[in-house]
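Shown next, in structure tokens, is the structure this report addresses.
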Amino acid sequence: MALRRYQKPEPKKHGKHWTIIVTEDYLHDGQPKRRQKRVRLAPLDTHWRKVLRLRDEYVKPLNQGMLAWGSATDFNTFVQQTYIPLEMPLLAKTTQQRYRGVLDKYLLPRFGTCLLRDLTPAVLQQYFSVGMTAANPTLGWESKDKIRDVLASVLKRAVRKYALLEKNPMEAIQLPPDKIGKRTKMPYLTPEQFDQLVSMMCEPYATMVYVAIYTGLRISELVALRWQDLGPDSISIERRYCRGDWSQPKSRASNATIAVDRHVIERIHRLKQLTVDVKAGRGAVRHYRVVKPDGPNPELIFQSVKDGKPMRDNNVLTRHLKPAARKLGLDFANWRCLRTSRATWLVTAGANIKDAQGLMRHSQIQTTLDVYAQQVPESQRRAIELTSKMATERIANAREATRLAANGYLN
């Protein structure tokens, strides 16, 4: 599309107002279009000089390139005609479902009729600081954070990919602090609890938990592991699977090869030799090979026991992991807990924080520090004991020196 010419339209009388006609660009079906628009400046009784000043203020951003083409597109049009059909298919199916829910319930009702250029930092900050809470008093902090993420994703595409805006107005937007405070402690398993949990589970699910806690893999990455991803002492994470959807790992940092203890690799290969028994009704028992080289997905390490298809994370969680954890009084145990436990073990063992970040495959080190680095009660007690011991010894030494000085034993 050719560049617009410099605009300085002459104000004209139209009805009861002074108006100008300007040329504006907009987006339709992902393609730039151009149209003319009549803009009201002021009532007819307004002084001519003020009318000209209002005209100049309106066209100045257009002429100086402060507003990118298409910034007059309303939020609903961009979302419905561009973001949803062109950008959303690039996301995982579960992410698409969450994003559609947030857009339909929160963002489109509030910003649907707003022009993209009208979504300024001030307007957005007012929404996240006051408006969102007023409209939804019971909305939790995590839900507010997800709404912010979705809106930031939409506007980021409008800036970077379609050049509808010069800058993403969401970059500096902050959420009000959570009234109950930030949860600083996340549940994790101790090595002793982990050993009991694995011993109570049957195969191949016990090995899944074993691999998850010794590698920190997300469950979607775990069920997508292939035999070709294994090395003598490493695992490569190249894809993930979640409830029917195959996709790339969560981030560029997640797509990596990590070092793994040899006993983990050995336990995985042991699956090839295992056969499990499954009750078939009326007392009958069927025998299934854990790894099915002639099944529909022979390249997968973890296959469903009966038909060899990819595992469903929720089925394994509710039928095997959760029941075993409840018997041990570990109701908090889930797939996220296993990943948290891995990071906590690294910190407890004194691993360098950069090494922990690499092994956990976090894009930012702050995630490792804030989210996964748990405060371990045992280490706190040791720190308290060492501090008390140091203070007690120094106080005792000082008192002894004072006593000796008072008795004339010191010069």
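Letters A, B, ... go to the chains of the structure tokens in the order shown; residues in each chain start at 1; ligands are counted from 1 in the same order.
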
Would you give me, as a tab-separated table, each residue of stretch 222-305 of chain A having an atom within 8 Å of an atom of stretch 75-97 of chain A, along with its shortest atom pair and that distance in Å to one decimal, using only C-alpha atoms and sorting by chain and residue number?
residue	atom	partner	partner_atom	distance
A:Cys242	CA	A:Thr94	CA	7.7
A:Asp245	CA	A:Lys93	CA	6.3
A:Trp246	CA	A:Ala92	CA	7.8
A:Ser247	CA	A:Ala92	CA	6.4

Please produce a file of the residues just selected, as an mmCIF file, in the first residue's frame, where the atoms kept are all heavy atoms.
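Result file is out.cif:
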data_model
loop_
_atom_site.group_PDB
_atom_site.id
_atom_site.type_symbol
_atom_site.label_atom_id
_atom_site.label_comp_id
_atom_site.auth_asym_id
_atom_site.auth_seq_id
_atom_site.Cartn_x
_atom_site.Cartn_y
_atom_site.Cartn_z
ATOM 1 N N CYS A 242 -0.132 -33.025 24.653
ATOM 2 C CA CYS A 242 -1.124 -32.774 25.694
ATOM 3 C C CYS A 242 -2.522 -32.999 25.138
ATOM 4 O O CYS A 242 -2.999 -32.213 24.309
ATOM 5 C CB CYS A 242 -0.996 -31.353 26.240
ATOM 6 S SG CYS A 242 -2.140 -30.981 27.592
ATOM 7 N N ASP A 245 -2.851 -33.078 21.353
ATOM 8 C CA ASP A 245 -2.187 -31.992 20.639
ATOM 9 C C ASP A 245 -0.675 -32.158 20.715
ATOM 10 O O ASP A 245 -0.094 -32.144 21.801
ATOM 11 C CB ASP A 245 -2.590 -30.645 21.247
ATOM 12 C CG ASP A 245 -1.900 -29.491 20.552
ATOM 13 O OD1 ASP A 245 -1.768 -29.549 19.317
ATOM 14 O OD2 ASP A 245 -1.491 -28.536 21.242
ATOM 15 N N TRP A 246 -0.033 -32.330 19.559
ATOM 16 C CA TRP A 246 1.425 -32.368 19.473
ATOM 17 C C TRP A 246 1.932 -30.974 19.141
ATOM 18 O O TRP A 246 1.395 -30.309 18.265
ATOM 19 C CB TRP A 246 1.873 -33.336 18.373
ATOM 20 C CG TRP A 246 1.601 -34.779 18.682
ATOM 21 C CD1 TRP A 246 0.519 -35.497 18.294
ATOM 22 C CD2 TRP A 246 2.414 -35.657 19.448
ATOM 23 N NE1 TRP A 246 0.607 -36.783 18.772
ATOM 24 C CE2 TRP A 246 1.765 -36.913 19.476
ATOM 25 C CE3 TRP A 246 3.644 -35.518 20.108
ATOM 26 C CZ2 TRP A 246 2.292 -38.017 20.145
ATOM 27 C CZ3 TRP A 246 4.175 -36.620 20.776
ATOM 28 C CH2 TRP A 246 3.508 -37.845 20.789
ATOM 29 N N SER A 247 2.957 -30.524 19.836
ATOM 30 C CA SER A 247 3.487 -29.190 19.592
ATOM 31 C C SER A 247 4.941 -29.117 20.035
ATOM 32 O O SER A 247 5.504 -30.091 20.544
ATOM 33 C CB SER A 247 2.669 -28.127 20.329
ATOM 34 O OG SER A 247 2.670 -28.367 21.725
#

#### Entry: Surrounding residues of A:Ile20 excluding itself and chain neighbours under 6 positions, 8 Å, only C-alpha atoms, as a PyMOL selection string
chain A and resi 9-12+38-41+55

### Task
Quick one: everything within 9 Å of A:Leu274, counting only C-alpha atoms, minus sequence neighbours fewer than 3 positions away in the same chain. Send it as a list in words.
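After dropping sequence-adjacent residues, the list is Glu203, Pro204, Arg270, Leu271, Tyr288, Arg289, Val290 and Val291 of chain A.
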
Print the selection's residues with N, CA and C atoms to a file, as an mmCIF file, in the first residue's frame.
data_model
loop_
_atom_site.group_PDB
_atom_site.id
_atom_site.type_symbol
_atom_site.label_atom_id
_atom_site.label_comp_id
_atom_site.auth_asym_id
_atom_site.auth_seq_id
_atom_site.Cartn_x
_atom_site.Cartn_y
_atom_site.Cartn_z
ATOM 1 N N GLU A 203 4.088 -50.202 37.331
ATOM 2 C CA GLU A 203 4.705 -49.751 36.085
ATOM 3 C C GLU A 203 3.662 -49.640 34.980
ATOM 4 N N PRO A 204 3.880 -48.771 34.011
ATOM 5 C CA PRO A 204 5.055 -47.900 33.809
ATOM 6 C C PRO A 204 4.957 -46.561 34.529
ATOM 7 N N ARG A 270 14.771 -50.400 31.171
ATOM 8 C CA ARG A 270 14.244 -51.601 31.823
ATOM 9 C C ARG A 270 12.781 -51.835 31.457
ATOM 10 N N LEU A 271 12.091 -50.803 31.019
ATOM 11 C CA LEU A 271 10.688 -50.953 30.636
ATOM 12 C C LEU A 271 10.504 -51.941 29.490
ATOM 13 N N TYR A 288 0.151 -57.540 29.303
ATOM 14 C CA TYR A 288 0.526 -56.560 28.286
ATOM 15 C C TYR A 288 2.002 -56.207 28.434
ATOM 16 N N ARG A 289 2.662 -56.088 27.311
ATOM 17 C CA ARG A 289 4.029 -55.589 27.325
ATOM 18 C C ARG A 289 3.990 -54.072 27.545
ATOM 19 N N VAL A 290 4.870 -53.576 28.405
ATOM 20 C CA VAL A 290 4.896 -52.141 28.689
ATOM 21 C C VAL A 290 5.315 -51.363 27.449
ATOM 22 N N VAL A 291 6.307 -51.865 26.734
ATOM 23 C CA VAL A 291 6.770 -51.234 25.493
ATOM 24 C C VAL A 291 6.353 -52.125 24.337
#

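Each of A:Arg361, A:His320, A:His17, A:Arg148 was compared to A:Ile237 using only C-alpha atoms, and A:Arg361 turns out to be the nearest.
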
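Using only C-alpha atoms for every distance, the candidate list A:Val150, A:Lys50, A:Arg218, A:Gly15 yields A:Val150 as the residue closest to A:Leu108.
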
### Message
For a test of reading the model, state the distance in Å between atom CA of A:Pro169 and atom CA of A:Lys60, rounded to one decimal.
### Response
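Calculated distance between atom CA of A:Pro169 and atom CA of A:Lys60 is 20.1 Å.
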
### Message
From a backbone DSSP assignment, name each residue in stretch 185-343 of chain A labelled alpha helix (DSSP H), as a PyMOL selection string.
### Response
chain A and resi 191-199+205-215+219-222+262-270+313-316+322-327+335-343

Residue subset to file, keeping C-alpha atoms, as a PDB file, in the first residue's frame:
ATOM      1  CA  PRO A 191      13.582 -37.786  48.888  1.00  0.00           C
ATOM      2  CA  GLU A 192      12.108 -40.087  51.539  1.00  0.00           C
ATOM      3  CA  GLN A 193       8.527 -39.304  50.504  1.00  0.00           C
ATOM      4  CA  PHE A 194       9.417 -39.745  46.847  1.00  0.00           C
ATOM      5  CA  ASP A 195      10.891 -43.202  47.499  1.00  0.00           C
ATOM      6  CA  GLN A 196       7.715 -44.300  49.304  1.00  0.00           C
ATOM      7  CA  LEU A 197       5.510 -42.925  46.526  1.00  0.00           C
ATOM      8  CA  VAL A 198       7.340 -44.718  43.728  1.00  0.00           C
ATOM      9  CA  SER A 199       7.324 -48.011  45.644  1.00  0.00           C
ATOM     10  CA  TYR A 205       3.633 -45.109  35.984  1.00  0.00           C
ATOM     11  CA  ALA A 206       6.238 -45.530  38.711  1.00  0.00           C
ATOM     12  CA  THR A 207       8.963 -44.956  36.138  1.00  0.00           C
ATOM     13  CA  MET A 208       7.148 -41.886  34.832  1.00  0.00           C
ATOM     14  CA  VAL A 209       7.233 -40.363  38.323  1.00  0.00           C
ATOM     15  CA  TYR A 210      10.848 -41.482  38.738  1.00  0.00           C
ATOM     16  CA  VAL A 211      11.919 -39.802  35.503  1.00  0.00           C
ATOM     17  CA  ALA A 212       9.846 -36.683  36.187  1.00  0.00           C
ATOM     18  CA  ILE A 213      11.434 -35.984  39.565  1.00  0.00           C
ATOM     19  CA  TYR A 214      14.997 -36.759  38.476  1.00  0.00           C
ATOM     20  CA  THR A 215      14.778 -34.643  35.311  1.00  0.00           C
ATOM     21  CA  ILE A 219       4.267 -34.031  32.008  1.00  0.00           C
ATOM     22  CA  SER A 220       3.547 -32.931  28.422  1.00  0.00           C
ATOM     23  CA  GLU A 221       7.261 -33.374  27.639  1.00  0.00           C
ATOM     24  CA  LEU A 222       7.446 -36.662  29.515  1.00  0.00           C
ATOM     25  CA  ARG A 262      22.708 -42.914  34.354  1.00  0.00           C
ATOM     26  CA  HIS A 263      20.357 -44.768  36.703  1.00  0.00           C
ATOM     27  CA  VAL A 264      17.457 -42.830  35.156  1.00  0.00           C
ATOM     28  CA  ILE A 265      18.402 -43.970  31.638  1.00  0.00           C
ATOM     29  CA  GLU A 266      18.831 -47.541  32.903  1.00  0.00           C
ATOM     30  CA  ARG A 267      15.400 -47.517  34.533  1.00  0.00           C
ATOM     31  CA  ILE A 268      13.802 -46.294  31.306  1.00  0.00           C
ATOM     32  CA  HIS A 269      15.424 -49.044  29.245  1.00  0.00           C
ATOM     33  CA  ARG A 270      14.244 -51.601  31.823  1.00  0.00           C
ATOM     34  CA  ASP A 313      -1.648 -36.898  31.710  1.00  0.00           C
ATOM     35  CA  ASN A 314      -4.915 -36.505  33.633  1.00  0.00           C
ATOM     36  CA  ASN A 315      -5.668 -40.220  33.517  1.00  0.00           C
ATOM     37  CA  VAL A 316      -2.284 -41.114  34.990  1.00  0.00           C
ATOM     38  CA  LYS A 322      -3.056 -39.288  43.285  1.00  0.00           C
ATOM     39  CA  PRO A 323      -4.342 -42.544  44.850  1.00  0.00           C
ATOM     40  CA  ALA A 324      -0.827 -43.609  45.854  1.00  0.00           C
ATOM     41  CA  ALA A 325      -0.066 -40.148  47.238  1.00  0.00           C
ATOM     42  CA  ARG A 326      -3.263 -40.077  49.338  1.00  0.00           C
ATOM     43  CA  LYS A 327      -2.332 -43.344  51.043  1.00  0.00           C
ATOM     44  CA  TRP A 335       2.891 -33.304  38.175  1.00  0.00           C
ATOM     45  CA  ARG A 336       3.804 -29.701  39.046  1.00  0.00           C
ATOM     46  CA  CYS A 337       4.870 -30.857  42.511  1.00  0.00           C
ATOM     47  CA  LEU A 338       7.363 -33.297  40.970  1.00  0.00           C
ATOM     48  CA  ARG A 339       8.968 -30.523  38.921  1.00  0.00           C
ATOM     49  CA  THR A 340       9.093 -28.260  41.975  1.00  0.00           C
ATOM     50  CA  SER A 341      10.689 -31.075  43.984  1.00  0.00           C
ATOM     51  CA  ARG A 342      13.458 -31.419  41.404  1.00  0.00           C
ATOM     52  CA  ALA A 343      14.339 -27.730  41.654  1.00  0.00           C
TER      53      ALA A 343
END

### Task
Within 8 Å of stretch 234-236 of chain A, counting only C-alpha atoms, which residues show up once you throw out same-chain ones fewer than 4 positions away? Write them as a ChimeraX atom specification, please.
/A:229-230,255-261,265

### Test item: residues at most 10 Å from stretch 128-130 of chain A, only C-alpha atoms, excluding those fewer than 2 positions along its chain, as a count of residues only
17

### Query
Looking at A:Leu404, A:Pro43, A:Thr120, A:Gly295, which one is nearest to A:Glu166, with distances taken over only C-alpha atoms?
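Of A:Leu404, A:Pro43, A:Thr120, A:Gly295, the one nearest A:Glu166 is A:Thr120, counting only C-alpha atoms.
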
#### Entry: Distance criterion (only C-alpha atoms): nearest to A:Tyr188 out of A:Leu52, A:Asn334, A:Ile21, A:Asn407
A:Asn334

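Within stretch 194-258 of chain A, the backbone-based DSSP assignment of strand (DSSP E or B) covers A:Arg226, A:Leu230, A:Ser234, A:Ile235, A:Ser236, A:Arg240, A:Tyr241, A:Cys242, A:Asp245, A:Trp246, A:Ser247, A:Thr257, A:Ile258.
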
Restricting the output to C-alpha atoms, write the selected residues as a PDB file, in the first residue's frame.
ATOM      1  CA  ARG A 226      10.936 -40.992  22.187  1.00  0.00           C
ATOM      2  CA  LEU A 230      17.773 -40.756  25.020  1.00  0.00           C
ATOM      3  CA  SER A 234      21.284 -37.168  28.637  1.00  0.00           C
ATOM      4  CA  ILE A 235      17.755 -36.537  27.393  1.00  0.00           C
ATOM      5  CA  SER A 236      16.750 -34.219  24.528  1.00  0.00           C
ATOM      6  CA  ARG A 240       5.391 -32.166  23.803  1.00  0.00           C
ATOM      7  CA  TYR A 241       1.989 -33.833  23.799  1.00  0.00           C
ATOM      8  CA  CYS A 242      -1.124 -32.774  25.694  1.00  0.00           C
ATOM      9  CA  ASP A 245      -2.187 -31.992  20.639  1.00  0.00           C
ATOM     10  CA  TRP A 246       1.425 -32.368  19.473  1.00  0.00           C
ATOM     11  CA  SER A 247       3.487 -29.190  19.592  1.00  0.00           C
ATOM     12  CA  THR A 257      19.346 -31.402  25.957  1.00  0.00           C
ATOM     13  CA  ILE A 258      19.909 -31.893  29.685  1.00  0.00           C
TER      14      ILE A 258
END
